Protein chains: 2
Amino acid sequence: MSNFTYYTPTKVIFGRGTENQIGELVTAQHCKKVLIHYGGGSVKRSGLLERIGASLDAAGIAHIELGGVVPNPRLSKVYEGIDLCRKEGVDFLLAVGGGSVIDSAKAIGYGMCMDGDVWDLYDHKAKAASCLPVGVVLTIAASGSEMSDSSVITKDEGGIKRGYNDDLCRPVFAVMNPELTMTLPDYQTACGCVDILMHTMERYFTSGDKLEITDSLAEGLMRTVIANSKILRDDPHNYDARAEVMWAGSLSHNGLTGCGNSANDFASHRLEHEMGGMFDVAHGAGLAAVWGSWARYVLADCLPRFVRFARNVMNVEPGATDEETALRGIEAMEDFYRFMKMPTNMRELGIDPTDEQMRTMAHMCALATGGHVGSAKVLGEADMLAIYNMAK
Amino acid sequence: MSNFTYYTPTKVIFGRGTENQIGELVTAQHCKKVLIHYGGGSVKRSGLLERIGASLDAAGIAHIELGGVVPNPRLSKVYEGIDLCRKEGVDFLLAVGGGSVIDSAKAIGYGMCMDGDVWDLYDHKAKAASCLPVGVVLTIAASGSEMSDSSVITKDEGGIKRGYNDDLCRPVFAVMNPELTMTLPDYQTACGCVDILMHTMERYFTSGDKLEITDSLAEGLMRTVIANSKILRDDPHNYDARAEVMWAGSLSHNGLTGCGNSANDFASHRLEHEMGGMFDVAHGAGLAAVWGSWARYVLADCLPRFVRFARNVMNVEPGATDEETALRGIEAMEDFYRFMKMPTNMRELGIDPTDEQMRTMAHMCALATGGHVGSAKVLGEADMLAIYNMAK
């Protein structure tokens, strides 16, 4: 069991009607002018932005808006936000949306506190010294960005998707009303469920030591997400299931499910980043498309964990050998993905990269990770390419 | 499932040698003068205070000491601390110890930020507006006070033991090195394990709605604590088991295991407070002595939870009826207490209150709780007395 740091300062306000507390929450931050950052028009059409504006008005807090954040959020929008916030004297960023909007707000927050180019952080050429406070009204359960230290931005030219992790960007509060996720398209709900599972699996599949308590929390979380995702496929308005998945999404990526492990894996995420950058696929679907291939590729190096996963999470009948049991666990997860109408390879994801494109993705992934990624099995560029080929 | 707030800002630094980071941790708080607050001489004899002092010296931070905190920490020591800190211009409180020392430091922190008597908070006649920052070097896994919002102090005259809960007192950091708990007497280790279990059980046994994810986390935590407590009984120097119990202690009382439940119970804690105040018993042992009686008394009002507990935590064979299964779960927990050499009634705890003393405890408990306590079953003064009588 390894030493660890656990730091989750985000105040979570969870449940029905909680978005009406925005005014008092921002007041407690002693901030004067808010940028309301969002994506498409759905948060306008649903009346959510209006309710948030009314809550801020009632608290006497000025606010402006910047919408138009897209999935795989763009650096150009971040620059636009920084310019606007500087001009308007914004001192608080309120992200109303899911991971893309939150990550874009975090990037604006970093950019507001540095003289140089904010992309230097994502390009790992600079380190942040500060970040404007970010608050969240969550409308998509998926990224865990509402409590996490991570932010992922895509540079418009070349579709380069890069992440930057720092405690400075952890949101000061996150308002989570499960009702706000009820109108999501089924595909997006399913993508979110995959992303949530993956955030725990990326921490669970490691070859090193673990804390038993961390494993038991992680397994309980994964079982809960799978059971409630299935409920949501047929009953998307089920409040309790929405609540289970939403809270699991935050716990899955705030650090809790990795305490005491020697290293995280996150190879599936890094492999997906290149697919997302090149083909602009939905993040959760991209993860589902690559995970099974990754799992089979690394299985032999991490067999005890895969056996435990098969038994404690996927609840499969044991096979004749550990390897057979482990494979049954992987197949059970892929069956779950199919049940959720998620892809289990790139073809099903709707992309068909050429050999040249796959070599480029593997090369970009290796460049972005200093040549190696993963902990269940350390992967070099040739391994990455092999997994892309398996996932075709 | 009920609305909830989850707020755990404490930065946890966990693992071997982490106490040597104290200097940089206090530096990050921009504080200049530290009160090192502790209990008996063991932290001096072990060299821990010296290592902490050296770390502060290296960071150029001034420090003074105040030891002598006793279990069921006294208000008189809190007053002494407030006077000393005012005189010396202390701006940071470093608790080196377990729950008693941390709670005493929190009380000093409140007292430093108010004009009136700090006891008014514990007597629920006033509300805190602020608290000096508190940091922790944990040496006993038990109270969870290193991440919690709670502080319990005993007034010297009359042995009145009262708690005050406020987010303001949540420690800014908690340094947790499991090695520091290895030299604890077995009795104190066992008391700690009971206290940790009870902090989750007080949240688990409620009659209202719950989140499934919260239940599965709570059950995983309880199973882990029981399994590792047993290891520690015979192998107190087992690092991994110490680590499991220590981290469980924090998670058990930081709010995580109660998210989404309609109310906490905490009747066993309140009943024990009066025993602790009157007879100065060890908190964990007092909880063990009263829990089985409380459980049998409230069983009929909270049967489904007790059945689930029997099955998912205590792993008992189902009985012919739900009530029989539930009783087997209670008996299995009492068997565990006995295995840990903990009492399951007041006699085994070594106290023998008169009828008059029990009436006084029930009356004091009712006074302290506004007449009623509990959520699994709401208990009035007559119920409290009945449970004390059962626990005799």
# chains A, B, ... in the order shown; residues from 1 in each chain; ligands from 1

call {"tool": "select_by_dssp", "arguments": {"residues": "segment 40-258 of chain B", "states": "alpha helix (DSSP H)", "output": "mmCIF file with N, CA and C atoms, in the first residue's frame"}}
result
data_model
loop_
_atom_site.group_PDB
_atom_site.id
_atom_site.type_symbol
_atom_site.label_atom_id
_atom_site.label_comp_id
_atom_site.auth_asym_id
_atom_site.auth_seq_id
_atom_site.Cartn_x
_atom_site.Cartn_y
_atom_site.Cartn_z
ATOM 1 N N SER B 42 3.612 10.125 25.568
ATOM 2 C CA SER B 42 4.058 9.138 24.573
ATOM 3 C C SER B 42 4.568 9.793 23.289
ATOM 4 N N VAL B 43 3.951 10.896 22.893
ATOM 5 C CA VAL B 43 4.405 11.543 21.650
ATOM 6 C C VAL B 43 5.760 12.231 21.840
ATOM 7 N N LYS B 44 6.082 12.533 23.092
ATOM 8 C CA LYS B 44 7.434 13.057 23.391
ATOM 9 C C LYS B 44 8.432 11.899 23.391
ATOM 10 N N ARG B 45 8.085 10.848 24.134
ATOM 11 C CA ARG B 45 9.003 9.709 24.282
ATOM 12 C C ARG B 45 9.323 9.067 22.932
ATOM 13 N N LEU B 48 8.240 11.839 18.312
ATOM 14 C CA LEU B 48 7.367 12.440 17.296
ATOM 15 C C LEU B 48 7.366 13.968 17.402
ATOM 16 N N LEU B 49 7.227 14.482 18.635
ATOM 17 C CA LEU B 49 7.193 15.947 18.803
ATOM 18 C C LEU B 49 8.491 16.580 18.310
ATOM 19 N N GLU B 50 9.580 15.870 18.541
ATOM 20 C CA GLU B 50 10.883 16.382 18.110
ATOM 21 C C GLU B 50 10.940 16.466 16.575
ATOM 22 N N ARG B 51 10.459 15.427 15.904
ATOM 23 C CA ARG B 51 10.471 15.431 14.424
ATOM 24 C C ARG B 51 9.593 16.548 13.877
ATOM 25 N N ILE B 52 8.437 16.741 14.525
ATOM 26 C CA ILE B 52 7.528 17.804 14.084
ATOM 27 C C ILE B 52 8.175 19.173 14.308
ATOM 28 N N GLY B 53 8.773 19.352 15.476
ATOM 29 C CA GLY B 53 9.455 20.607 15.781
ATOM 30 C C GLY B 53 10.558 20.898 14.771
ATOM 31 N N ALA B 54 11.308 19.858 14.417
ATOM 32 C CA ALA B 54 12.400 20.034 13.453
ATOM 33 C C ALA B 54 11.866 20.455 12.093
ATOM 34 N N SER B 55 10.728 19.868 11.700
ATOM 35 C CA SER B 55 10.126 20.213 10.409
ATOM 36 C C SER B 55 9.652 21.671 10.408
ATOM 37 N N LEU B 56 9.083 22.105 11.525
ATOM 38 C CA LEU B 56 8.643 23.508 11.639
ATOM 39 C C LEU B 56 9.845 24.446 11.668
ATOM 40 N N ASP B 57 10.880 24.060 12.407
ATOM 41 C CA ASP B 57 12.097 24.882 12.472
ATOM 42 C C ASP B 57 12.686 25.066 11.080
ATOM 43 N N ALA B 58 12.728 23.966 10.327
ATOM 44 C CA ALA B 58 13.312 24.025 8.983
ATOM 45 C C ALA B 58 12.527 24.970 8.089
ATOM 46 N N LEU B 75 -12.909 21.127 29.466
ATOM 47 C CA LEU B 75 -13.087 22.540 29.153
ATOM 48 C C LEU B 75 -11.980 23.385 29.785
ATOM 49 N N SER B 76 -11.523 22.993 30.985
ATOM 50 C CA SER B 76 -10.478 23.777 31.665
ATOM 51 C C SER B 76 -9.205 23.832 30.819
ATOM 52 N N LYS B 77 -8.881 22.732 30.143
ATOM 53 C CA LYS B 77 -7.692 22.714 29.282
ATOM 54 C C LYS B 77 -7.912 23.604 28.046
ATOM 55 N N VAL B 78 -9.138 23.629 27.566
ATOM 56 C CA VAL B 78 -9.470 24.509 26.427
ATOM 57 C C VAL B 78 -9.259 25.970 26.824
ATOM 58 N N TYR B 79 -9.762 26.341 28.010
ATOM 59 C CA TYR B 79 -9.573 27.719 28.488
ATOM 60 C C TYR B 79 -8.072 28.052 28.594
ATOM 61 N N GLU B 80 -7.315 27.080 29.126
ATOM 62 C CA GLU B 80 -5.865 27.275 29.285
ATOM 63 C C GLU B 80 -5.228 27.523 27.907
ATOM 64 N N GLY B 81 -5.678 26.747 26.926
ATOM 65 C CA GLY B 81 -5.143 26.889 25.568
ATOM 66 C C GLY B 81 -5.485 28.239 24.961
ATOM 67 N N ILE B 82 -6.704 28.694 25.160
ATOM 68 C CA ILE B 82 -7.119 29.991 24.602
ATOM 69 C C ILE B 82 -6.262 31.111 25.199
ATOM 70 N N ASP B 83 -6.101 31.070 26.531
ATOM 71 C CA ASP B 83 -5.284 32.100 27.201
ATOM 72 C C ASP B 83 -3.859 32.100 26.657
ATOM 73 N N LEU B 84 -3.281 30.906 26.566
ATOM 74 C CA LEU B 84 -1.899 30.783 26.102
ATOM 75 C C LEU B 84 -1.745 31.300 24.669
ATOM 76 N N CYS B 85 -2.680 30.886 23.788
ATOM 77 C CA CYS B 85 -2.589 31.273 22.369
ATOM 78 C C CYS B 85 -2.757 32.772 22.192
ATOM 79 N N ARG B 86 -3.631 33.375 22.999
ATOM 80 C CA ARG B 86 -3.810 34.838 22.911
ATOM 81 C C ARG B 86 -2.535 35.547 23.331
ATOM 82 N N LYS B 87 -1.974 35.081 24.450
ATOM 83 C CA LYS B 87 -0.763 35.703 24.978
ATOM 84 C C LYS B 87 0.398 35.580 23.986
ATOM 85 N N GLU B 88 0.473 34.430 23.323
ATOM 86 C CA GLU B 88 1.629 34.121 22.475
ATOM 87 C C GLU B 88 1.411 34.485 21.005
ATOM 88 N N GLY B 99 -8.669 11.765 18.886
ATOM 89 C CA GLY B 99 -9.873 12.588 18.913
ATOM 90 C C GLY B 99 -9.897 13.608 20.031
ATOM 91 N N SER B 100 -9.431 13.222 21.220
ATOM 92 C CA SER B 100 -9.499 14.151 22.355
ATOM 93 C C SER B 100 -8.642 15.380 22.093
ATOM 94 N N VAL B 101 -7.444 15.150 21.590
ATOM 95 C CA VAL B 101 -6.531 16.271 21.332
ATOM 96 C C VAL B 101 -7.074 17.136 20.185
ATOM 97 N N ILE B 102 -7.591 16.487 19.155
ATOM 98 C CA ILE B 102 -8.125 17.255 18.016
ATOM 99 C C ILE B 102 -9.335 18.081 18.460
ATOM 100 N N ASP B 103 -10.228 17.453 19.208
ATOM 101 C CA ASP B 103 -11.426 18.164 19.663
ATOM 102 C C ASP B 103 -11.064 19.338 20.569
ATOM 103 N N SER B 104 -10.065 19.138 21.405
ATOM 104 C CA SER B 104 -9.610 20.225 22.281
ATOM 105 C C SER B 104 -9.035 21.370 21.445
ATOM 106 N N ALA B 105 -8.266 21.024 20.410
ATOM 107 C CA ALA B 105 -7.701 22.057 19.520
ATOM 108 C C ALA B 105 -8.813 22.809 18.788
ATOM 109 N N LYS B 106 -9.827 22.081 18.328
ATOM 110 C CA LYS B 106 -10.950 22.742 17.654
ATOM 111 C C LYS B 106 -11.630 23.729 18.598
ATOM 112 N N ALA B 107 -11.812 23.314 19.849
ATOM 113 C CA ALA B 107 -12.471 24.189 20.826
ATOM 114 C C ALA B 107 -11.626 25.435 21.083
ATOM 115 N N ILE B 108 -10.312 25.253 21.167
ATOM 116 C CA ILE B 108 -9.425 26.423 21.323
ATOM 117 C C ILE B 108 -9.569 27.337 20.103
ATOM 118 N N GLY B 109 -9.640 26.713 18.915
ATOM 119 C CA GLY B 109 -9.792 27.480 17.673
ATOM 120 C C GLY B 109 -11.056 28.318 17.664
ATOM 121 N N TYR B 110 -12.156 27.734 18.114
ATOM 122 C CA TYR B 110 -13.412 28.500 18.221
ATOM 123 C C TYR B 110 -13.238 29.638 19.233
ATOM 124 N N GLY B 111 -12.703 29.271 20.387
ATOM 125 C CA GLY B 111 -12.584 30.236 21.486
ATOM 126 C C GLY B 111 -11.751 31.448 21.108
ATOM 127 N N MET B 112 -10.715 31.216 20.283
ATOM 128 C CA MET B 112 -9.836 32.308 19.849
ATOM 129 C C MET B 112 -10.580 33.313 18.974
ATOM 130 N N TRP B 119 -17.850 27.629 25.808
ATOM 131 C CA TRP B 119 -18.806 26.590 26.226
ATOM 132 C C TRP B 119 -20.228 26.876 25.719
ATOM 133 N N ASP B 120 -20.497 28.147 25.459
ATOM 134 C CA ASP B 120 -21.818 28.508 24.925
ATOM 135 C C ASP B 120 -22.106 27.779 23.608
ATOM 136 N N LEU B 121 -21.056 27.475 22.830
ATOM 137 C CA LEU B 121 -21.259 26.708 21.588
ATOM 138 C C LEU B 121 -21.744 25.299 21.934
ATOM 139 N N TYR B 122 -21.026 24.668 22.859
ATOM 140 C CA TYR B 122 -21.318 23.275 23.213
ATOM 141 C C TYR B 122 -22.645 23.165 23.960
ATOM 142 N N ASP B 186 -3.390 -2.379 23.244
ATOM 143 C CA ASP B 186 -4.404 -3.140 22.519
ATOM 144 C C ASP B 186 -5.819 -2.635 22.814
ATOM 145 N N TYR B 187 -6.037 -2.304 24.094
ATOM 146 C CA TYR B 187 -7.377 -1.851 24.486
ATOM 147 C C TYR B 187 -7.768 -0.595 23.713
ATOM 148 N N GLN B 188 -6.817 0.308 23.542
ATOM 149 C CA GLN B 188 -7.118 1.560 22.840
ATOM 150 C C GLN B 188 -7.315 1.306 21.337
ATOM 151 N N THR B 189 -6.536 0.394 20.781
ATOM 152 C CA THR B 189 -6.737 0.029 19.370
ATOM 153 C C THR B 189 -8.141 -0.522 19.170
ATOM 154 N N ALA B 190 -8.548 -1.402 20.074
ATOM 155 C CA ALA B 190 -9.879 -2.013 19.966
ATOM 156 C C ALA B 190 -10.976 -0.959 20.125
ATOM 157 N N CYS B 191 -10.794 -0.057 21.091
ATOM 158 C CA CYS B 191 -11.766 1.029 21.278
ATOM 159 C C CYS B 191 -11.895 1.841 19.984
ATOM 160 N N GLY B 192 -10.771 2.092 19.351
ATOM 161 C CA GLY B 192 -10.783 2.861 18.111
ATOM 162 C C GLY B 192 -11.561 2.147 17.021
ATOM 163 N N CYS B 193 -11.337 0.846 16.896
ATOM 164 C CA CYS B 193 -12.038 0.072 15.861
ATOM 165 C C CYS B 193 -13.557 0.129 16.078
ATOM 166 N N VAL B 194 -13.977 0.039 17.340
ATOM 167 C CA VAL B 194 -15.413 0.130 17.636
ATOM 168 C C VAL B 194 -15.947 1.509 17.253
ATOM 169 N N ASP B 195 -15.217 2.541 17.620
ATOM 170 C CA ASP B 195 -15.661 3.900 17.335
ATOM 171 C C ASP B 195 -15.825 4.108 15.818
ATOM 172 N N ILE B 196 -14.875 3.597 15.050
ATOM 173 C CA ILE B 196 -14.918 3.730 13.587
ATOM 174 C C ILE B 196 -16.161 3.026 13.027
ATOM 175 N N LEU B 197 -16.367 1.790 13.464
ATOM 176 C CA LEU B 197 -17.567 1.065 13.015
ATOM 177 C C LEU B 197 -18.826 1.831 13.381
ATOM 178 N N MET B 198 -18.849 2.348 14.617
ATOM 179 C CA MET B 198 -20.056 3.026 15.087
ATOM 180 C C MET B 198 -20.351 4.294 14.287
ATOM 181 N N HIS B 199 -19.320 4.989 13.831
ATOM 182 C CA HIS B 199 -19.583 6.209 13.056
ATOM 183 C C HIS B 199 -20.308 5.881 11.748
ATOM 184 N N THR B 200 -20.001 4.725 11.176
ATOM 185 C CA THR B 200 -20.758 4.333 9.989
ATOM 186 C C THR B 200 -22.110 3.751 10.368
ATOM 187 N N MET B 201 -22.151 2.953 11.437
ATOM 188 C CA MET B 201 -23.431 2.355 11.840
ATOM 189 C C MET B 201 -24.455 3.420 12.234
ATOM 190 N N GLU B 202 -23.987 4.498 12.851
ATOM 191 C CA GLU B 202 -24.917 5.570 13.248
ATOM 192 C C GLU B 202 -25.570 6.211 12.024
ATOM 193 N N ARG B 203 -24.904 6.120 10.875
ATOM 194 C CA ARG B 203 -25.475 6.656 9.636
ATOM 195 C C ARG B 203 -26.252 5.588 8.872
ATOM 196 N N TYR B 204 -25.855 4.342 9.083
ATOM 197 C CA TYR B 204 -26.414 3.224 8.300
ATOM 198 C C TYR B 204 -27.811 2.841 8.806
ATOM 199 N N GLU B 212 -28.146 3.695 -2.691
ATOM 200 C CA GLU B 212 -27.519 2.379 -2.760
ATOM 201 C C GLU B 212 -25.999 2.503 -2.755
ATOM 202 N N ILE B 213 -25.489 3.510 -3.442
ATOM 203 C CA ILE B 213 -24.026 3.656 -3.484
ATOM 204 C C ILE B 213 -23.476 3.939 -2.092
ATOM 205 N N THR B 214 -24.203 4.731 -1.307
ATOM 206 C CA THR B 214 -23.768 5.007 0.064
ATOM 207 C C THR B 214 -23.777 3.724 0.891
ATOM 208 N N ASP B 215 -24.828 2.946 0.752
ATOM 209 C CA ASP B 215 -24.898 1.676 1.481
ATOM 210 C C ASP B 215 -23.761 0.744 1.105
ATOM 211 N N SER B 216 -23.470 0.661 -0.183
ATOM 212 C CA SER B 216 -22.425 -0.286 -0.588
ATOM 213 C C SER B 216 -21.054 0.194 -0.107
ATOM 214 N N LEU B 217 -20.828 1.511 -0.086
ATOM 215 C CA LEU B 217 -19.577 2.029 0.468
ATOM 216 C C LEU B 217 -19.511 1.740 1.969
ATOM 217 N N ALA B 218 -20.620 1.976 2.660
ATOM 218 C CA ALA B 218 -20.658 1.770 4.113
ATOM 219 C C ALA B 218 -20.396 0.304 4.459
ATOM 220 N N GLU B 219 -21.013 -0.582 3.692
ATOM 221 C CA GLU B 219 -20.845 -2.015 3.969
ATOM 222 C C GLU B 219 -19.416 -2.465 3.684
ATOM 223 N N GLY B 220 -18.841 -1.979 2.589
ATOM 224 C CA GLY B 220 -17.440 -2.305 2.281
ATOM 225 C C GLY B 220 -16.520 -1.809 3.387
ATOM 226 N N LEU B 221 -16.809 -0.608 3.872
ATOM 227 C CA LEU B 221 -15.994 -0.036 4.941
ATOM 228 C C LEU B 221 -16.108 -0.874 6.213
ATOM 229 N N MET B 222 -17.326 -1.249 6.587
ATOM 230 C CA MET B 222 -17.500 -2.015 7.839
ATOM 231 C C MET B 222 -16.827 -3.385 7.739
ATOM 232 N N ARG B 223 -16.994 -4.044 6.579
ATOM 233 C CA ARG B 223 -16.334 -5.354 6.413
ATOM 234 C C ARG B 223 -14.810 -5.220 6.535
ATOM 235 N N THR B 224 -14.279 -4.163 5.933
ATOM 236 C CA THR B 224 -12.828 -3.947 5.975
ATOM 237 C C THR B 224 -12.353 -3.712 7.405
ATOM 238 N N VAL B 225 -13.097 -2.901 8.151
ATOM 239 C CA VAL B 225 -12.678 -2.600 9.526
ATOM 240 C C VAL B 225 -12.718 -3.858 10.383
ATOM 241 N N ILE B 226 -13.763 -4.646 10.252
ATOM 242 C CA ILE B 226 -13.872 -5.869 11.068
ATOM 243 C C ILE B 226 -12.717 -6.819 10.738
ATOM 244 N N ALA B 227 -12.484 -7.045 9.456
ATOM 245 C CA ALA B 227 -11.421 -7.986 9.054
ATOM 246 C C ALA B 227 -10.055 -7.517 9.548
ATOM 247 N N ASN B 228 -9.795 -6.229 9.435
ATOM 248 C CA ASN B 228 -8.470 -5.737 9.805
ATOM 249 C C ASN B 228 -8.308 -5.517 11.302
ATOM 250 N N SER B 229 -9.413 -5.265 12.010
ATOM 251 C CA SER B 229 -9.345 -5.210 13.474
ATOM 252 C C SER B 229 -8.907 -6.563 14.010
ATOM 253 N N LYS B 230 -9.439 -7.626 13.422
ATOM 254 C CA LYS B 230 -9.073 -8.973 13.863
ATOM 255 C C LYS B 230 -7.584 -9.244 13.641
ATOM 256 N N ILE B 231 -7.076 -8.773 12.517
ATOM 257 C CA ILE B 231 -5.633 -8.933 12.258
ATOM 258 C C ILE B 231 -4.832 -8.201 13.332
ATOM 259 N N LEU B 232 -5.276 -6.989 13.675
ATOM 260 C CA LEU B 232 -4.515 -6.177 14.634
ATOM 261 C C LEU B 232 -4.542 -6.739 16.044
ATOM 262 N N ARG B 233 -5.602 -7.489 16.378
ATOM 263 C CA ARG B 233 -5.644 -8.051 17.729
ATOM 264 C C ARG B 233 -4.412 -8.913 17.985
ATOM 265 N N ASP B 234 -4.014 -9.678 16.960
ATOM 266 C CA ASP B 234 -2.887 -10.598 17.146
ATOM 267 C C ASP B 234 -1.585 -10.078 16.545
ATOM 268 N N TYR B 239 1.443 -3.218 9.219
ATOM 269 C CA TYR B 239 1.284 -1.878 8.620
ATOM 270 C C TYR B 239 0.013 -1.772 7.778
ATOM 271 N N ASP B 240 -0.210 -2.770 6.926
ATOM 272 C CA ASP B 240 -1.364 -2.685 6.029
ATOM 273 C C ASP B 240 -2.684 -2.648 6.807
ATOM 274 N N ALA B 241 -2.774 -3.485 7.836
ATOM 275 C CA ALA B 241 -4.008 -3.484 8.632
ATOM 276 C C ALA B 241 -4.180 -2.153 9.357
ATOM 277 N N ARG B 242 -3.074 -1.611 9.879
ATOM 278 C CA ARG B 242 -3.140 -0.283 10.514
ATOM 279 C C ARG B 242 -3.617 0.769 9.509
ATOM 280 N N ALA B 243 -3.129 0.657 8.269
ATOM 281 C CA ALA B 243 -3.499 1.633 7.237
ATOM 282 C C ALA B 243 -4.985 1.513 6.889
ATOM 283 N N GLU B 244 -5.461 0.285 6.744
ATOM 284 C CA GLU B 244 -6.877 0.074 6.417
ATOM 285 C C GLU B 244 -7.772 0.721 7.481
ATOM 286 N N VAL B 245 -7.445 0.431 8.753
ATOM 287 C CA VAL B 245 -8.282 0.935 9.851
ATOM 288 C C VAL B 245 -8.180 2.458 9.935
ATOM 289 N N MET B 246 -6.980 2.979 9.726
ATOM 290 C CA MET B 246 -6.782 4.426 9.858
ATOM 291 C C MET B 246 -7.575 5.198 8.790
ATOM 292 N N TRP B 247 -7.507 4.735 7.554
ATOM 293 C CA TRP B 247 -8.215 5.445 6.478
ATOM 294 C C TRP B 247 -9.719 5.248 6.632
ATOM 295 N N ALA B 248 -10.117 4.059 7.071
ATOM 296 C CA ALA B 248 -11.542 3.828 7.330
ATOM 297 C C ALA B 248 -12.058 4.781 8.400
ATOM 298 N N GLY B 249 -11.213 5.055 9.395
ATOM 299 C CA GLY B 249 -11.630 5.952 10.471
ATOM 300 C C GLY B 249 -11.996 7.329 9.963
ATOM 301 N N SER B 250 -11.238 7.822 9.001
ATOM 302 C CA SER B 250 -11.535 9.145 8.442
ATOM 303 C C SER B 250 -12.781 9.106 7.570
ATOM 304 N N LEU B 251 -12.869 8.087 6.709
ATOM 305 C CA LEU B 251 -14.019 8.004 5.799
ATOM 306 C C LEU B 251 -15.314 7.746 6.567
ATOM 307 N N SER B 252 -15.178 7.124 7.722
ATOM 308 C CA SER B 252 -16.359 6.745 8.490
ATOM 309 C C SER B 252 -17.074 7.952 9.075
ATOM 310 N N HIS B 253 -16.344 9.057 9.242
ATOM 311 C CA HIS B 253 -16.959 10.183 9.955
ATOM 312 C C HIS B 253 -16.813 11.500 9.196
#

call {"tool": "interface_residues", "arguments": {"of": "chain B", "to": "chain A", "cutoff": "6 Å", "atoms": "only C-alpha atoms", "output": "mmCIF file with N, CA, C and O atoms, in the first residue's frame"}}
result
data_model
loop_
_atom_site.group_PDB
_atom_site.id
_atom_site.type_symbol
_atom_site.label_atom_id
_atom_site.label_comp_id
_atom_site.auth_asym_id
_atom_site.auth_seq_id
_atom_site.Cartn_x
_atom_site.Cartn_y
_atom_site.Cartn_z
ATOM 1 N N ASN B 3 -31.937 15.041 -0.236
ATOM 2 C CA ASN B 3 -30.902 16.012 -0.577
ATOM 3 C C ASN B 3 -29.799 15.980 0.479
ATOM 4 O O ASN B 3 -30.068 15.692 1.648
ATOM 5 N N PHE B 4 -28.573 16.257 0.058
ATOM 6 C CA PHE B 4 -27.490 16.293 1.048
ATOM 7 C C PHE B 4 -26.410 17.282 0.626
ATOM 8 O O PHE B 4 -26.325 17.680 -0.538
ATOM 9 N N THR B 5 -25.596 17.679 1.608
ATOM 10 C CA THR B 5 -24.386 18.454 1.364
ATOM 11 C C THR B 5 -23.201 17.608 1.783
ATOM 12 O O THR B 5 -23.244 16.950 2.822
ATOM 13 N N TYR B 6 -22.182 17.597 0.955
ATOM 14 C CA TYR B 6 -20.966 16.846 1.270
ATOM 15 C C TYR B 6 -19.804 17.813 1.176
ATOM 16 O O TYR B 6 -19.592 18.437 0.122
ATOM 17 N N TYR B 7 -19.067 17.955 2.256
ATOM 18 C CA TYR B 7 -17.998 18.960 2.279
ATOM 19 C C TYR B 7 -16.843 18.440 3.119
ATOM 20 O O TYR B 7 -16.962 18.327 4.337
ATOM 21 N N THR B 8 -15.765 18.061 2.472
ATOM 22 C CA THR B 8 -14.601 17.509 3.181
ATOM 23 C C THR B 8 -13.327 18.180 2.662
ATOM 24 O O THR B 8 -12.583 17.596 1.900
ATOM 25 N N PRO B 9 -13.103 19.417 3.098
ATOM 26 C CA PRO B 9 -11.968 20.176 2.559
ATOM 27 C C PRO B 9 -10.599 19.728 3.075
ATOM 28 O O PRO B 9 -9.582 20.174 2.549
ATOM 29 N N LYS B 11 -7.159 18.285 3.603
ATOM 30 C CA LYS B 11 -6.149 17.639 2.748
ATOM 31 C C LYS B 11 -5.501 16.517 3.552
ATOM 32 O O LYS B 11 -4.892 16.770 4.594
ATOM 33 N N VAL B 12 -5.625 15.295 3.057
ATOM 34 C CA VAL B 12 -5.081 14.130 3.760
ATOM 35 C C VAL B 12 -3.719 13.764 3.159
ATOM 36 O O VAL B 12 -3.603 13.595 1.945
ATOM 37 N N ILE B 13 -2.728 13.682 4.039
ATOM 38 C CA ILE B 13 -1.385 13.257 3.616
ATOM 39 C C ILE B 13 -1.134 11.941 4.333
ATOM 40 O O ILE B 13 -0.916 11.924 5.545
ATOM 41 N N PHE B 14 -1.183 10.843 3.588
ATOM 42 C CA PHE B 14 -1.276 9.519 4.205
ATOM 43 C C PHE B 14 -0.055 8.673 3.894
ATOM 44 O O PHE B 14 0.336 8.533 2.731
ATOM 45 N N GLY B 15 0.529 8.087 4.934
ATOM 46 C CA GLY B 15 1.580 7.088 4.707
ATOM 47 C C GLY B 15 2.823 7.312 5.551
ATOM 48 O O GLY B 15 2.878 8.220 6.390
ATOM 49 N N ILE B 213 -25.489 3.510 -3.442
ATOM 50 C CA ILE B 213 -24.026 3.656 -3.484
ATOM 51 C C ILE B 213 -23.476 3.939 -2.092
ATOM 52 O O ILE B 213 -22.430 3.423 -1.699
ATOM 53 N N SER B 216 -23.470 0.661 -0.183
ATOM 54 C CA SER B 216 -22.425 -0.286 -0.588
ATOM 55 C C SER B 216 -21.054 0.194 -0.107
ATOM 56 O O SER B 216 -20.215 -0.616 0.277
ATOM 57 N N LEU B 217 -20.828 1.511 -0.086
ATOM 58 C CA LEU B 217 -19.577 2.029 0.468
ATOM 59 C C LEU B 217 -19.511 1.740 1.969
ATOM 60 O O LEU B 217 -18.488 1.294 2.485
ATOM 61 N N GLY B 220 -18.841 -1.979 2.589
ATOM 62 C CA GLY B 220 -17.440 -2.305 2.281
ATOM 63 C C GLY B 220 -16.520 -1.809 3.387
ATOM 64 O O GLY B 220 -15.588 -2.498 3.806
ATOM 65 N N THR B 224 -14.279 -4.163 5.933
ATOM 66 C CA THR B 224 -12.828 -3.947 5.975
ATOM 67 C C THR B 224 -12.353 -3.712 7.405
ATOM 68 O O THR B 224 -11.322 -4.246 7.828
#
